[in-house]
Amino acid sequence: MKAKVCVRKLPPGSPGHKTRVSWDPWSLTTDHGTIPMAIAQEGTSPWSDVFPESIRLRKGECVSGWLPFAA
């Protein structure tokens, strides 16, 4: 699944004026249940443009990429 996340507002008390964006909150749910994320590391993945496993962004910054799911 291709995803794009942009930070529009920081949570109160964000250290370094950044917030964490990661794979953690993502899941894919179908009629057959929840499908887990596939294991893929940026740079070692067979997919190009993989969504970062974890990154810290400032207000106004965006990140996009593929979220791989086991199918």
# chains A, B, ... in the order shown; residues from 1 in each chain; ligands from 1
>>> residues_around(residues="range 50-63 of chain A", least_positions_apart="3", cutoff="6 Å", atoms="only C-alpha atoms", output="tab-separated table (two decimals) with all heavy atoms, in the first residue's frame")
chain	number	residue	atom	x	y	z
A	4	LYS	N	1.29	8.33	2.34
A	4	LYS	CA	1.99	9.60	2.51
A	4	LYS	C	1.48	10.22	3.81
A	4	LYS	O	0.27	10.29	4.05
A	4	LYS	CB	1.71	10.55	1.35
A	4	LYS	CG	2.43	11.89	1.50
A	4	LYS	CD	2.20	12.78	0.29
A	4	LYS	CE	2.95	14.10	0.45
A	4	LYS	NZ	2.74	14.96	-0.73
A	5	VAL	N	2.42	10.64	4.66
A	5	VAL	CA	2.08	11.26	5.94
A	5	VAL	C	2.77	12.61	6.00
A	5	VAL	O	3.97	12.72	5.71
A	5	VAL	CB	2.56	10.39	7.13
A	5	VAL	CG1	2.36	11.10	8.44
A	5	VAL	CG2	1.83	9.06	7.12
A	6	CYS	N	2.01	13.66	6.36
A	6	CYS	CA	2.55	15.00	6.55
A	6	CYS	C	2.23	15.45	7.97
A	6	CYS	O	1.12	15.25	8.44
A	6	CYS	CB	1.95	15.98	5.55
A	6	CYS	SG	2.37	15.62	3.84
A	7	VAL	N	3.20	16.07	8.62
A	7	VAL	CA	3.00	16.58	9.98
A	7	VAL	C	2.41	17.98	9.86
A	7	VAL	O	3.07	18.89	9.37
A	7	VAL	CB	4.32	16.59	10.78
A	7	VAL	CG1	4.09	17.18	12.16
A	7	VAL	CG2	4.89	15.19	10.88
A	8	ARG	N	1.18	18.12	10.30
A	8	ARG	CA	0.50	19.43	10.26
A	8	ARG	C	0.57	20.15	11.60
A	8	ARG	O	0.52	21.36	11.64
A	8	ARG	CB	-0.95	19.25	9.84
A	8	ARG	CG	-1.08	18.75	8.42
A	8	ARG	CD	-2.50	18.67	8.01
A	8	ARG	NE	-2.58	18.26	6.62
A	8	ARG	CZ	-3.70	17.99	6.02
A	8	ARG	NH1	-4.84	18.06	6.67
A	8	ARG	NH2	-3.69	17.61	4.76
A	9	LYS	N	0.66	19.36	12.67
A	9	LYS	CA	0.70	19.91	14.01
A	9	LYS	C	1.47	18.95	14.89
A	9	LYS	O	1.29	17.73	14.79
A	9	LYS	CB	-0.74	20.08	14.54
A	9	LYS	CG	-0.83	20.72	15.89
A	9	LYS	CD	-2.29	20.89	16.30
A	9	LYS	CE	-2.38	21.49	17.68
A	9	LYS	NZ	-3.78	21.60	18.11
A	18	LYS	N	10.04	17.80	16.86
A	18	LYS	CA	9.80	16.73	15.88
A	18	LYS	C	8.86	15.70	16.49
A	18	LYS	O	8.73	15.60	17.70
A	18	LYS	CB	11.11	16.03	15.50
A	18	LYS	CG	12.08	16.88	14.72
A	18	LYS	CD	13.30	16.07	14.36
A	18	LYS	CE	14.29	16.85	13.54
A	18	LYS	NZ	15.45	16.03	13.15
A	19	THR	N	8.21	14.92	15.63
A	19	THR	CA	7.39	13.81	16.09
A	19	THR	C	7.76	12.55	15.31
A	19	THR	O	8.25	12.63	14.18
A	19	THR	CB	5.87	14.12	15.95
A	19	THR	OG1	5.13	13.11	16.63
A	19	THR	CG2	5.44	14.20	14.49
A	20	ARG	N	7.52	11.41	15.91
A	20	ARG	CA	7.89	10.14	15.31
A	20	ARG	C	6.78	9.64	14.39
A	20	ARG	O	5.61	9.63	14.74
A	20	ARG	CB	8.13	9.10	16.41
A	20	ARG	CG	8.56	7.75	15.91
A	20	ARG	CD	8.88	6.83	17.11
A	20	ARG	NE	9.09	5.48	16.69
A	20	ARG	CZ	8.16	4.54	16.66
A	20	ARG	NH1	6.94	4.80	17.06
A	20	ARG	NH2	8.45	3.32	16.25
A	21	VAL	N	7.17	9.22	13.19
A	21	VAL	CA	6.27	8.58	12.22
A	21	VAL	C	6.89	7.23	11.93
A	21	VAL	O	8.09	7.14	11.68
A	21	VAL	CB	6.14	9.43	10.94
A	21	VAL	CG1	5.31	8.71	9.89
A	21	VAL	CG2	5.56	10.80	11.25
A	22	SER	N	6.08	6.17	11.98
A	22	SER	CA	6.64	4.83	11.80
A	22	SER	C	5.60	3.85	11.25
A	22	SER	O	4.46	4.22	11.01
A	22	SER	CB	7.17	4.31	13.14
A	22	SER	OG	6.09	4.01	13.99
A	23	TRP	N	6.03	2.59	11.13
A	23	TRP	CA	5.13	1.52	10.71
A	23	TRP	C	4.15	1.13	11.80
A	23	TRP	O	3.12	0.53	11.52
A	23	TRP	CB	5.94	0.28	10.39
A	23	TRP	CG	6.67	0.28	9.08
A	23	TRP	CD1	6.85	1.32	8.22
A	23	TRP	CD2	7.31	-0.84	8.48
A	23	TRP	NE1	7.57	0.92	7.14
A	23	TRP	CE2	7.87	-0.40	7.28
A	23	TRP	CE3	7.46	-2.16	8.86
A	23	TRP	CZ2	8.58	-1.25	6.43
A	23	TRP	CZ3	8.17	-3.00	8.02
A	23	TRP	CH2	8.71	-2.55	6.82
A	42	GLU	N	14.51	-0.69	4.58
A	42	GLU	CA	14.91	0.23	3.52
A	42	GLU	C	16.35	-0.06	3.11
A	42	GLU	O	17.21	-0.24	3.96
A	42	GLU	CB	14.77	1.67	4.01
A	42	GLU	CG	14.80	2.68	2.91
A	42	GLU	CD	14.38	4.06	3.37
A	42	GLU	OE1	14.16	4.27	4.57
A	42	GLU	OE2	14.28	4.92	2.49
A	66	TRP	N	6.07	2.86	0.24
A	66	TRP	CA	5.26	1.65	0.25
A	66	TRP	C	5.27	0.98	1.61
A	66	TRP	O	6.32	0.87	2.24
A	66	TRP	CB	5.77	0.67	-0.80
A	66	TRP	CG	5.53	1.15	-2.19
A	66	TRP	CD1	6.44	1.76	-3.02
A	66	TRP	CD2	4.32	1.07	-2.92
A	66	TRP	NE1	5.85	2.07	-4.21
A	66	TRP	CE2	4.55	1.65	-4.19
A	66	TRP	CE3	3.06	0.58	-2.63
A	66	TRP	CZ2	3.56	1.76	-5.16
A	66	TRP	CZ3	2.06	0.69	-3.61
A	66	TRP	CH2	2.33	1.26	-4.84
A	67	LEU	N	4.11	0.56	2.09
A	67	LEU	CA	3.97	-0.25	3.29
A	67	LEU	C	3.70	-1.67	2.82
A	67	LEU	O	2.64	-1.97	2.30
A	67	LEU	CB	2.81	0.26	4.15
A	67	LEU	CG	3.00	1.64	4.78
A	67	LEU	CD1	1.69	2.16	5.31
A	67	LEU	CD2	4.04	1.56	5.89
>>> residues_around(residues="Thr29 in chain A", least_positions_apart="4", cutoff="12 Å", atoms="only C-alpha atoms", output="list in words")
Gly33, Thr34, Ile35, Pro36, Met37, Phe69, Ala70 and Ala71 of chain A
>>> atom_distance(atom1="CA of Gly65 in chain A", atom2="CA of Leu28 in chain A")
15.6 Å
>>> select_by_dssp(residues="chain A", states="strand (DSSP E or B)", output="list in words")
Lys2, Ala3, Lys4, Val5, Cys6, Thr19, Arg20, Val21, Ser22, Leu28, Thr29, Thr30, Gly33, Thr34, Ile35, Met37, Val50, Ser54, Ile55, Arg56, Leu57, Cys62, Val63, Ser64, Gly65, Trp66 and Phe69 of chain A
>>> write_last_selection(atoms="N, CA and C atoms", output="mmCIF file, in the first residue's frame")
data_model
loop_
_atom_site.group_PDB
_atom_site.id
_atom_site.type_symbol
_atom_site.label_atom_id
_atom_site.label_comp_id
_atom_site.auth_asym_id
_atom_site.auth_seq_id
_atom_site.Cartn_x
_atom_site.Cartn_y
_atom_site.Cartn_z
ATOM 1 N N LYS A 2 0.627 2.197 -0.849
ATOM 2 C CA LYS A 2 1.399 3.442 -0.897
ATOM 3 C C LYS A 2 0.780 4.429 0.098
ATOM 4 N N ALA A 3 1.600 5.015 0.961
ATOM 5 C CA ALA A 3 1.112 5.943 1.976
ATOM 6 C C ALA A 3 1.944 7.215 1.978
ATOM 7 N N LYS A 4 1.291 8.331 2.340
ATOM 8 C CA LYS A 4 1.986 9.602 2.514
ATOM 9 C C LYS A 4 1.485 10.218 3.814
ATOM 10 N N VAL A 5 2.422 10.642 4.661
ATOM 11 C CA VAL A 5 2.084 11.264 5.941
ATOM 12 C C VAL A 5 2.774 12.614 5.997
ATOM 13 N N CYS A 6 2.005 13.655 6.360
ATOM 14 C CA CYS A 6 2.553 14.996 6.547
ATOM 15 C C CYS A 6 2.227 15.452 7.967
ATOM 16 N N THR A 19 8.207 14.923 15.631
ATOM 17 C CA THR A 19 7.387 13.807 16.086
ATOM 18 C C THR A 19 7.759 12.554 15.307
ATOM 19 N N ARG A 20 7.517 11.413 15.913
ATOM 20 C CA ARG A 20 7.887 10.135 15.307
ATOM 21 C C ARG A 20 6.781 9.642 14.386
ATOM 22 N N VAL A 21 7.167 9.222 13.187
ATOM 23 C CA VAL A 21 6.272 8.585 12.223
ATOM 24 C C VAL A 21 6.893 7.231 11.927
ATOM 25 N N SER A 22 6.075 6.165 11.978
ATOM 26 C CA SER A 22 6.642 4.828 11.797
ATOM 27 C C SER A 22 5.595 3.852 11.255
ATOM 28 N N LEU A 28 -3.570 -3.638 7.957
ATOM 29 C CA LEU A 28 -4.473 -3.849 6.833
ATOM 30 C C LEU A 28 -5.493 -4.881 7.274
ATOM 31 N N THR A 29 -6.766 -4.487 7.296
ATOM 32 C CA THR A 29 -7.821 -5.385 7.754
ATOM 33 C C THR A 29 -8.746 -5.720 6.589
ATOM 34 N N THR A 30 -9.014 -7.013 6.422
ATOM 35 C CA THR A 30 -9.908 -7.489 5.366
ATOM 36 C C THR A 30 -11.021 -8.322 5.993
ATOM 37 N N GLY A 33 -9.583 -10.966 8.253
ATOM 38 C CA GLY A 33 -8.799 -10.612 9.428
ATOM 39 C C GLY A 33 -7.744 -9.574 9.124
ATOM 40 N N THR A 34 -6.851 -9.378 10.064
ATOM 41 C CA THR A 34 -5.782 -8.392 9.929
ATOM 42 C C THR A 34 -4.544 -9.031 9.316
ATOM 43 N N ILE A 35 -3.993 -8.364 8.319
ATOM 44 C CA ILE A 35 -2.812 -8.868 7.616
ATOM 45 C C ILE A 35 -1.582 -8.168 8.203
ATOM 46 N N MET A 37 2.301 -6.679 8.679
ATOM 47 C CA MET A 37 3.281 -6.037 7.810
ATOM 48 C C MET A 37 4.321 -7.079 7.419
ATOM 49 N N VAL A 50 10.399 2.270 0.015
ATOM 50 C CA VAL A 50 9.709 1.719 1.180
ATOM 51 C C VAL A 50 9.500 2.823 2.208
ATOM 52 N N SER A 54 10.932 3.936 10.875
ATOM 53 C CA SER A 54 10.786 4.951 11.918
ATOM 54 C C SER A 54 11.580 6.184 11.505
ATOM 55 N N ILE A 55 10.948 7.353 11.632
ATOM 56 C CA ILE A 55 11.591 8.617 11.258
ATOM 57 C C ILE A 55 10.987 9.717 12.126
ATOM 58 N N ARG A 56 11.748 10.772 12.371
ATOM 59 C CA ARG A 56 11.249 11.913 13.142
ATOM 60 C C ARG A 56 11.139 13.112 12.190
ATOM 61 N N LEU A 57 9.947 13.735 12.174
ATOM 62 C CA LEU A 57 9.678 14.833 11.251
ATOM 63 C C LEU A 57 9.265 16.101 11.995
ATOM 64 N N CYS A 62 6.987 15.924 5.206
ATOM 65 C CA CYS A 62 6.208 14.763 4.779
ATOM 66 C C CYS A 62 7.132 13.590 4.490
ATOM 67 N N VAL A 63 6.554 12.401 4.520
ATOM 68 C CA VAL A 63 7.273 11.191 4.128
ATOM 69 C C VAL A 63 6.270 10.313 3.370
ATOM 70 N N SER A 64 6.751 9.615 2.357
ATOM 71 C CA SER A 64 5.873 8.700 1.633
ATOM 72 C C SER A 64 6.654 7.463 1.247
ATOM 73 N N GLY A 65 5.922 6.412 0.946
ATOM 74 C CA GLY A 65 6.554 5.174 0.537
ATOM 75 C C GLY A 65 5.586 4.017 0.620
ATOM 76 N N TRP A 66 6.073 2.860 0.242
ATOM 77 C CA TRP A 66 5.255 1.646 0.248
ATOM 78 C C TRP A 66 5.272 0.983 1.609
ATOM 79 N N PHE A 69 2.774 -5.529 2.937
ATOM 80 C CA PHE A 69 1.986 -6.465 3.754
ATOM 81 C C PHE A 69 2.155 -7.872 3.213
#
>>> closest_residue(among="A:Ala38, A:Asp49, A:Pro11, A:Asp31", to="Pro68 in chain A", atoms="only C-alpha atoms")
A:Ala38
